[in-house]
Amino acid sequence: MIEVRNLSKYYGNLCAVNGISFSIKEGEIVGFLGPNGAGKTTTIRILTCFQPATTGSASVAGHDVFTESMAVRAQVGYLPESVPLYQEMRVREYLRFRGKIHGLERTARERAIQRVAERCWITDVINRPIGQLSKGYRQRVGLADSLLHNPRVLILDEPTIGLDPTQIRATRTLIRELAQDHTVLLSSHILPEVEATCKRIIIINQGRIVASGTPTELRQRITGDSELIAEFKGSTEEIAAGLQKLDGVSRVETTMRDGWTRVTVTTQKDVREEIYKLSIEKGWPMRELRRDVATLEDFFVKIVAGARDMDTASVGAGDKR
Amino acid sequence: MRNTTAIMQRELLSLFFSPIGYIVIAGFLLITGVIVLVTESFGPGKPATLRSVFDFTPYVLTIIIPAISMRTISEEYRSGTIETLTTAPVSDMQFVVGKYLAALIFYAIMLSGTLVYLVLMMRFGNPDVGASLAAYFGLLLLGVSFTAFGVFTSSLTHNQIVAWMLGMVPLMLFVWFAASIVGKIEGVPRQLFQQVNILRHLDQFNRGLVSTEGVVFFAATAVLFLFLAVKVVESRRWR
C-alpha cells in the first residue's frame with residue numbers, strides 16, 4: 001500500500017532523510033518512531049505529496065507521489081502534526097468545506113460528516129467555532145477531517161501530542177479501531193504509544209531506519225542475553241555454583257536480602273524450568289522466579305543513543321542499512 | 001471548478017468573519033464619503049457627475065485592495081492550513097484562483113456600497129448614467145488587476161502586514177506618481193510607461209469610454225500576476 005525506495009530529502013546541505021526504504025502492506029498499522037528531528041515529518045510530508053523528495057521514489061496505493069499526486073491525495077487521509085484548522089469556522093462548516101474539496105456530493109457529504117463526527121466523538125461540538133475548542137477536540141476534528149473521504153491510507157503525524165492522558169487513551173483506541181478499515185501509518189516520538197497501537201514499528205534516527213519489526217521481535221533483538229531473577233533460602237555459594245552449571249548460563253550474581261539469597265542469572269535461554277527443578281532437588285525454598293524482559297523503551301533509548309555516537313551501536317543497528 | 005468555488009466560498013466566509021473585512025469596508029466608505037463631501041459633488045449649481053469621486057478613488061484603492069488580498073494566501077502559510085489544503089486533491093491553480101475570486105467579490109461588494117451616491121444623484125439631478133456605469137466598470141477592472149497583484153504579494157510571505165506593504169508600495173508608486181514620471185522621461189521609455197500607465201487607462205473609462213485597450217490591459221495584468229502567484233505556490237514543491 002505504501003512503498004518507499006531509497007528516499008532522501010535535503011534542505012540545502014542538511015540531510016533530513018537519508019535513503020530510507022520500507023513498505024507497508026494493505027491493512028497494516030505501522031508506527032514510525034524516532035526522536036524529534038529524526039525525519040519522520042519530512043518522510044510523511046513526502047508521502048502526502050506536500051513536499052517532493054530530493055532522490056528516490058515513493059508510492060501510495062499504487063500511485064507515485066510525484067507523478068500521480070492527485071490520485072495519491074484522493075486515497076490518503078492526513079493529519080498533520082500541528083493540526084491546522086480554520087479557527088473562524090464552525091466544525092460543521094469546516095467539514096463541509098473539506099468534503100467539497102474531496103469531491104463529495106451533498107448527501108454523501110452530510111452522511112460522511114455524520115459518520116466521522118460520531119466516530120471521533122465531536123457531535124456535541126459540531127456547531128461550535130473551531131477557535132473555541134480545546135486542543136483535544138481540535139485534534140479530533142482534524143482526525144475526523146482525515147477520515148471524511150474514507151481514504152484507504154491514513155497518515156497521522158503525532159496524533160496524540162498535546163492531549164491529556166484520558167484523551168490519549170481514547171485516541172489510541174480509536175486508531176486501533178480505524179486500523180480495521182484503513183492502512184495506518186502513525187508517527188510518534190513516544191514509544192509506549194506506538195507499542196500500544198501498532199503491529200509493526202519502524203525506528204528512524206538521523207534520517208535512517210535503524211530497526212524495524214514487530215514489538216516482540218524488537219524486544220528479542222535487544223535482550224539477546226536475558227536476565228532471570230530468583231530468590232532462594234540456602235547456602236549462597238551452593239546456590240551460585242548450582243545455577244552456574246545450568247546450560248546457557250553465562251553469569252550469576254548473588255546478594256543477600258533478609259535471609260534470602262537473591263540471584264540474578266544472565267542467560268541466553270530461558271532456564272526457569274531448570275531452576276525450578278534444581279530448587280526442588282536441592283530443597284531450597286524459592287519465593288521468586290521471574291524473567292526480566294527488557295522494555296522497548298530500553299531498546300529505543302539504546303538505539304538512539306547508539307546511533308548518536310555512530311557505529312558503536314551494537315544492538316539492532318545494521319538492520320536495513 | 002467545484003474546488004475553486006469551495007475555496008472561494010470558504011475564503012469569503014473568513015473575510016466576513018474577520019474584523020479586517022469590516023474595517024476595510026468601513027474605511028473605504030468613509031474615505032469615499034469624505035471625497036464626495038470635500039469635492040462638493042452635490043453642491044448647488046455643480047454638474048451632476050461623480051467624476052471627481054471616480055478620479056480620487058484609484059489613489060485610495062492602492063491602499064485598500066492590498067488590505068483585502070493580503071490575508072488570502074499568507075494566512076494559509078501562517079496557520080499551516082496550506083498543508084491540509086495542498087494534500088487534498090486541489091490543484092495549485094484552483095487554490096490561487098479560488099482565493100483571488102473571493103477577494104475580488106469582496107472588493108465588488110465594497111465598491112457597490114458607493115452606488116448610493118449615484119442613486120442619490122439620480123434622485124436629485126440628471127447625471128449621465130452610462131458614463132457613470134463605464135467609470136464603475138473601470139474601477140471594477142482596476143480591482144481585477146490590483147487584486148491579482150495583491151494575491152501575488154500574499155503568496156510571497158506568511159506575514160499579512162508584509163504582504164500588504166509589498167502590495168501597497170508598488171501600487172502607490174505607480175498610481176500616485178505616474179503622471180509626474182511620465183512628464184520626466186522621454187522616448188521609448190516614455191512610450192512604454194504610457195502603455196502601463198494605470199491612470200491613463202482608467203481615465204478613458206471615467207470619460208465614459210469602454211476601450212478594448214483598457215479591458216485587455218487590466219485583464220492581462222491580472223492573468224500575469226495570478227500566473228506568478230501559482231508559480232510561487234508551486235515552487236514549494238521543488239524548493
# chains A, B, ... in the order shown; residues from 1 in each chain; ligands from 1
$ closest_atom_pairs --of "chain B" --to "chain A" --cutoff "9 Å" --atoms "only C-alpha atoms" --output "Markdown table"
| residue | atom | partner | partner_atom | distance |
| --- | --- | --- | --- | --- |
| B:Arg2 | CA | A:Ile101 | CA | 7.3 |
| B:Asn3 | CA | A:Ile101 | CA | 5.1 |
| B:Thr4 | CA | A:Ile101 | CA | 8.6 |
| B:Ala6 | CA | A:Phe97 | CA | 6.4 |
| B:Ile7 | CA | A:Phe97 | CA | 7.8 |
| B:Gln9 | CA | A:Phe97 | CA | 8.7 |
| B:Arg10 | CA | A:Phe97 | CA | 7.1 |
| B:Leu13 | CA | A:Met89 | CA | 8.2 |
| B:Ser14 | CA | A:Glu88 | CA | 6.6 |
| B:Phe17 | CA | A:Glu88 | CA | 6.8 |
| B:Ser18 | CA | A:Glu88 | CA | 7.8 |
| B:Glu76 | CA | A:Tyr86 | CA | 9.0 |
| B:Ser79 | CA | A:Pro84 | CA | 6.2 |
| B:Gly80 | CA | A:Pro84 | CA | 5.3 |
| B:Thr81 | CA | A:Pro84 | CA | 4.9 |
| B:Ile82 | CA | A:Pro84 | CA | 8.3 |
| B:Glu83 | CA | A:Phe50 | CA | 6.6 |
| B:Thr84 | CA | A:Pro84 | CA | 7.2 |
| B:Leu85 | CA | A:Arg98 | CA | 8.6 |
| B:Thr86 | CA | A:Phe50 | CA | 6.6 |
| B:Thr87 | CA | A:Arg73 | CA | 5.8 |
| B:Ala88 | CA | A:Arg73 | CA | 5.4 |
| B:Pro89 | CA | A:Met70 | CA | 5.3 |
| B:Val90 | CA | A:Ile101 | CA | 6.8 |
| B:Ser91 | CA | A:Met70 | CA | 8.1 |
| B:Arg236 | CA | A:Gln51 | CA | 7.1 |
| B:Arg237 | CA | A:Gln51 | CA | 5.2 |
| B:Trp238 | CA | A:Pro52 | CA | 6.4 |
| B:Arg239 | CA | A:Tyr11 | CA | 8.5 |
$ residues_around --residues "stretch 167-173 of chain B" --least-positions-apart "3" --cutoff "8 Å" --atoms "only C-alpha atoms" --output "PyMOL selection string"
chain B and resi 59+62-63+66+70+146+149-150+153-154+163-164+176-178
$ residues_around --residues "A:Leu154" --least-positions-apart "2" --cutoff "10 Å" --atoms "only C-alpha atoms" --output "list in words"
Ile29, Thr48, Gln75, Val76, Gly77, Tyr78, Leu79, Leu143, Ser146, Leu147, Asn150, Pro151, Arg152, Leu156, Asp157, Ile175, Leu178, Ala179, Asp181, His182, Thr183, Val184, Leu185 and Leu186 of chain A
$ write_last_selection --atoms "N, CA, C and O atoms" --output "compact mmCIF listing (two decimals), in the first residue's frame"
# COMPACT_ATOMS: atom_id res chain seq x y z
N ILE A 29 -1.00 -1.71 10.41
CA ILE A 29 -0.89 -0.49 11.19
C ILE A 29 0.55 -0.39 11.68
O ILE A 29 1.03 -1.24 12.41
N THR A 48 2.60 12.37 1.57
CA THR A 48 1.29 13.02 1.39
C THR A 48 1.34 14.06 0.27
O THR A 48 0.40 14.85 0.12
N GLN A 75 -6.52 9.26 -2.10
CA GLN A 75 -6.53 8.00 -1.35
C GLN A 75 -6.03 8.15 0.08
O GLN A 75 -6.09 7.20 0.85
N VAL A 76 -5.46 9.31 0.39
CA VAL A 76 -4.80 9.47 1.68
C VAL A 76 -5.58 10.40 2.59
O VAL A 76 -6.05 11.45 2.17
N GLY A 77 -5.74 10.00 3.83
CA GLY A 77 -6.25 10.90 4.86
C GLY A 77 -5.08 11.30 5.71
O GLY A 77 -4.33 10.45 6.18
N TYR A 78 -4.87 12.59 5.89
CA TYR A 78 -3.64 13.06 6.53
C TYR A 78 -3.96 13.99 7.69
O TYR A 78 -4.74 14.92 7.56
N LEU A 79 -3.37 13.70 8.82
CA LEU A 79 -3.48 14.58 9.97
C LEU A 79 -2.10 15.14 10.28
O LEU A 79 -1.25 14.44 10.82
N LEU A 143 -8.77 14.71 12.95
CA LEU A 143 -8.85 13.28 12.65
C LEU A 143 -10.13 13.00 11.84
O LEU A 143 -10.10 12.26 10.85
N SER A 146 -9.59 13.91 8.35
CA SER A 146 -8.78 12.98 7.57
C SER A 146 -9.57 11.72 7.19
O SER A 146 -9.19 11.01 6.27
N LEU A 147 -10.67 11.46 7.90
CA LEU A 147 -11.46 10.25 7.62
C LEU A 147 -12.61 10.50 6.66
O LEU A 147 -13.25 9.57 6.18
N ASN A 150 -13.19 8.72 3.46
CA ASN A 150 -12.97 7.29 3.62
C ASN A 150 -11.73 6.81 2.87
O ASN A 150 -11.81 5.97 1.98
N PRO A 151 -10.57 7.36 3.24
CA PRO A 151 -9.35 7.06 2.48
C PRO A 151 -8.87 5.64 2.75
O PRO A 151 -9.17 5.07 3.80
N ARG A 152 -8.13 5.09 1.80
CA ARG A 152 -7.59 3.75 2.02
C ARG A 152 -6.39 3.80 2.96
O ARG A 152 -6.12 2.86 3.67
N LEU A 156 -0.99 9.66 10.06
CA LEU A 156 -1.20 10.51 11.22
C LEU A 156 0.15 10.91 11.81
O LEU A 156 0.93 10.05 12.21
N ASP A 157 0.41 12.21 11.85
CA ASP A 157 1.69 12.69 12.37
C ASP A 157 1.50 13.10 13.83
O ASP A 157 0.82 14.09 14.09
N ILE A 175 -7.69 4.81 17.03
CA ILE A 175 -6.76 4.48 15.94
C ILE A 175 -6.74 2.97 15.70
O ILE A 175 -6.75 2.52 14.55
N LEU A 178 -9.73 2.13 13.78
CA LEU A 178 -9.62 2.60 12.40
C LEU A 178 -8.78 1.65 11.57
O LEU A 178 -8.99 1.48 10.37
N ALA A 179 -7.82 1.04 12.22
CA ALA A 179 -6.90 0.15 11.51
C ALA A 179 -7.63 -1.06 10.92
O ALA A 179 -7.09 -1.75 10.06
N ASP A 181 -10.26 -0.85 9.06
CA ASP A 181 -10.74 -0.49 7.71
C ASP A 181 -9.71 0.25 6.88
O ASP A 181 -9.91 0.47 5.69
N HIS A 182 -8.64 0.72 7.50
CA HIS A 182 -7.68 1.53 6.76
C HIS A 182 -6.27 1.01 7.01
O HIS A 182 -6.01 0.39 8.03
N THR A 183 -5.38 1.31 6.07
CA THR A 183 -3.96 1.09 6.32
C THR A 183 -3.48 2.32 7.07
O THR A 183 -3.74 3.44 6.64
N VAL A 184 -2.80 2.12 8.19
CA VAL A 184 -2.45 3.28 9.01
C VAL A 184 -0.93 3.40 9.16
O VAL A 184 -0.25 2.43 9.47
N LEU A 185 -0.43 4.59 8.94
CA LEU A 185 0.97 4.91 9.27
C LEU A 185 0.90 6.03 10.29
O LEU A 185 0.28 7.06 10.07
N LEU A 186 1.53 5.78 11.43
CA LEU A 186 1.39 6.72 12.52
C LEU A 186 2.78 7.06 13.03
O LEU A 186 3.61 6.16 13.17
$ residues_around --residues "stretch 110-123 of chain A" --least-positions-apart "5" --cutoff "6 Å" --atoms "only C-alpha atoms" --output "compact mmCIF listing (two decimals) with N, CA, C and O atoms, in the first residue's frame"
# COMPACT_ATOMS: atom_id res chain seq x y z
N ARG A 140 -9.39 15.94 17.40
CA ARG A 140 -10.40 15.02 16.89
C ARG A 140 -11.07 15.56 15.63
O ARG A 140 -11.44 14.79 14.75
N ALA A 144 -11.23 13.64 12.25
CA ALA A 144 -12.50 13.48 11.53
C ALA A 144 -12.33 13.92 10.09
O ALA A 144 -12.78 13.26 9.16
N LEU A 148 -12.87 11.79 6.42
CA LEU A 148 -14.09 12.20 5.73
C LEU A 148 -14.32 11.49 4.40
O LEU A 148 -15.42 11.04 4.11
$ select_by_dssp --residues "stretch 40-236 of chain A" --states "alpha helix (DSSP H)" --output "PyMOL selection string"
chain A and resi 40-47+69-75+91-101+106-119+135-147+165-178+191-197+215-223+236
$ closest_residue --among "A:Trp260, A:Leu278, A:Glu217, A:Glu193" --to "A:Gln244" --atoms "only C-alpha atoms"
A:Leu278
$ residues_around --residues "stretch 58-64 of chain A" --least-positions-apart "5" --cutoff "6 Å" --atoms "only C-alpha atoms" --output "number ranges by chain"
A: 1-4, 72
$ residues_around --residues "stretch 112-127 of chain B" --least-positions-apart "6" --cutoff "12 Å" --atoms "only C-alpha atoms" --output "PyMOL selection string"
chain B and resi 25-37+41-51+53-54+57+105-106+133+135-137+139-140
$ write_last_selection --atoms "N, CA, C and O atoms" --output "CSV table (one decimal), in the first residue's frame"
chain,number,residue,atom,x,y,z
B,25,ILE,N,-14.0,47.8,4.7
B,25,ILE,CA,-15.2,48.3,4.0
B,25,ILE,C,-15.6,49.7,4.7
B,25,ILE,O,-15.8,50.7,4.0
B,26,ALA,N,-15.5,49.7,6.0
B,26,ALA,CA,-15.9,51.0,6.7
B,26,ALA,C,-14.9,52.1,6.3
B,26,ALA,O,-15.3,53.2,6.0
B,27,GLY,N,-13.6,51.7,6.3
B,27,GLY,CA,-12.6,52.7,5.9
B,27,GLY,C,-12.8,53.3,4.5
B,27,GLY,O,-12.8,54.5,4.3
B,28,PHE,N,-13.1,52.3,3.6
B,28,PHE,CA,-13.3,52.7,2.2
B,28,PHE,C,-14.5,53.6,2.0
B,28,PHE,O,-14.4,54.7,1.4
B,29,LEU,N,-15.6,53.2,2.6
B,29,LEU,CA,-16.8,54.0,2.5
B,29,LEU,C,-16.7,55.4,3.2
B,29,LEU,O,-17.2,56.4,2.7
B,30,LEU,N,-15.9,55.4,4.3
B,30,LEU,CA,-15.7,56.7,5.0
B,30,LEU,C,-14.9,57.6,4.1
B,30,LEU,O,-15.3,58.8,3.9
B,31,ILE,N,-13.8,57.1,3.5
B,31,ILE,CA,-13.0,58.0,2.6
B,31,ILE,C,-13.8,58.4,1.4
B,31,ILE,O,-13.7,59.6,1.1
B,32,THR,N,-14.5,57.5,0.7
B,32,THR,CA,-15.2,58.0,-0.4
B,32,THR,C,-16.3,59.0,0.0
B,32,THR,O,-16.6,59.9,-0.7
B,33,GLY,N,-16.9,58.8,1.2
B,33,GLY,CA,-17.9,59.7,1.7
B,33,GLY,C,-17.2,61.1,1.8
B,33,GLY,O,-17.8,62.1,1.4
B,34,VAL,N,-16.0,61.1,2.4
B,34,VAL,CA,-15.3,62.4,2.6
B,34,VAL,C,-15.0,63.0,1.3
B,34,VAL,O,-15.1,64.2,1.1
B,35,ILE,N,-14.6,62.2,0.3
B,35,ILE,CA,-14.3,62.7,-1.0
B,35,ILE,C,-15.5,63.4,-1.6
B,35,ILE,O,-15.5,64.5,-2.2
B,36,VAL,N,-16.7,62.7,-1.5
B,36,VAL,CA,-17.9,63.3,-2.0
B,36,VAL,C,-18.2,64.7,-1.4
B,36,VAL,O,-18.5,65.7,-2.0
B,37,LEU,N,-17.9,64.7,-0.1
B,37,LEU,CA,-18.1,65.9,0.7
B,37,LEU,C,-17.2,67.1,0.3
B,37,LEU,O,-17.6,68.2,0.0
B,41,SER,N,-19.5,67.4,-4.7
B,41,SER,CA,-20.2,66.8,-5.8
B,41,SER,C,-21.7,67.1,-5.8
B,41,SER,O,-22.3,67.1,-6.9
B,42,PHE,N,-22.2,67.3,-4.6
B,42,PHE,CA,-23.6,67.5,-4.6
B,42,PHE,C,-23.9,69.0,-4.4
B,42,PHE,O,-25.0,69.4,-4.0
B,43,GLY,N,-22.9,69.9,-4.5
B,43,GLY,CA,-23.1,71.3,-4.3
B,43,GLY,C,-24.1,71.9,-5.3
B,43,GLY,O,-24.2,71.4,-6.4
B,44,PRO,N,-24.8,72.9,-4.9
B,44,PRO,CA,-25.8,73.5,-5.8
B,44,PRO,C,-25.1,74.2,-7.0
B,44,PRO,O,-24.0,74.8,-6.9
B,45,GLY,N,-25.7,74.0,-8.2
B,45,GLY,CA,-25.1,74.6,-9.4
B,45,GLY,C,-24.0,73.8,-10.0
B,45,GLY,O,-23.5,74.1,-11.1
B,46,LYS,N,-23.5,72.7,-9.3
B,46,LYS,CA,-22.4,71.9,-9.9
B,46,LYS,C,-23.0,70.9,-10.9
B,46,LYS,O,-24.2,70.5,-10.8
B,47,PRO,N,-22.2,70.5,-11.9
B,47,PRO,CA,-22.7,69.5,-12.8
B,47,PRO,C,-23.0,68.2,-12.1
B,47,PRO,O,-22.3,67.8,-11.1
B,48,ALA,N,-24.1,67.5,-12.5
B,48,ALA,CA,-24.5,66.3,-11.9
B,48,ALA,C,-23.6,65.1,-12.3
B,48,ALA,O,-23.9,64.4,-13.2
B,49,THR,N,-22.4,65.1,-11.8
B,49,THR,CA,-21.5,64.0,-12.1
B,49,THR,C,-20.6,63.6,-10.9
B,49,THR,O,-20.4,64.4,-10.0
B,50,LEU,N,-20.2,62.3,-10.9
B,50,LEU,CA,-19.4,61.8,-9.8
B,50,LEU,C,-17.9,61.8,-10.3
B,50,LEU,O,-17.1,61.1,-9.7
B,51,ARG,N,-17.6,62.5,-11.4
B,51,ARG,CA,-16.2,62.5,-11.9
B,51,ARG,C,-15.1,62.6,-10.9
B,51,ARG,O,-14.2,61.8,-10.8
B,53,VAL,N,-15.2,62.0,-7.7
B,53,VAL,CA,-15.1,60.8,-6.9
B,53,VAL,C,-14.3,59.7,-7.6
B,53,VAL,O,-13.4,59.1,-7.0
B,54,PHE,N,-14.7,59.5,-8.9
B,54,PHE,CA,-14.0,58.5,-9.6
B,54,PHE,C,-12.5,58.8,-9.8
B,54,PHE,O,-11.7,57.9,-9.9
B,57,THR,N,-10.8,57.9,-6.3
B,57,THR,CA,-10.8,56.5,-5.8
B,57,THR,C,-9.6,55.7,-6.1
B,57,THR,O,-9.2,54.9,-5.2
B,105,ILE,N,-14.6,39.4,-5.3
B,105,ILE,CA,-16.1,39.5,-5.0
B,105,ILE,C,-16.2,40.4,-3.7
B,105,ILE,O,-17.1,41.3,-3.7
B,106,PHE,N,-15.3,40.3,-2.8
B,106,PHE,CA,-15.4,41.2,-1.6
B,106,PHE,C,-15.2,42.6,-2.1
B,106,PHE,O,-15.9,43.5,-1.6
B,133,LEU,N,-21.7,54.3,-15.2
B,133,LEU,CA,-21.5,52.9,-15.2
B,133,LEU,C,-20.2,52.5,-15.9
B,133,LEU,O,-19.5,51.5,-15.4
B,135,ALA,N,-17.5,54.2,-15.7
B,135,ALA,CA,-16.5,54.5,-14.7
B,135,ALA,C,-16.5,53.4,-13.7
B,135,ALA,O,-15.4,53.0,-13.2
B,136,TYR,N,-17.7,52.9,-13.3
B,136,TYR,CA,-17.7,51.8,-12.3
B,136,TYR,C,-17.1,50.6,-12.9
B,136,TYR,O,-16.3,49.8,-12.2
B,137,PHE,N,-17.3,50.3,-14.2
B,137,PHE,CA,-16.7,49.2,-14.9
B,137,PHE,C,-15.2,49.3,-14.8
B,137,PHE,O,-14.4,48.4,-14.6
B,139,LEU,N,-13.4,50.9,-12.6
B,139,LEU,CA,-12.9,50.6,-11.2
B,139,LEU,C,-13.0,49.1,-10.9
B,139,LEU,O,-12.1,48.6,-10.2
B,140,LEU,N,-14.0,48.5,-11.5
B,140,LEU,CA,-14.0,47.0,-11.3
B,140,LEU,C,-12.8,46.4,-12.0
B,140,LEU,O,-12.2,45.5,-11.4
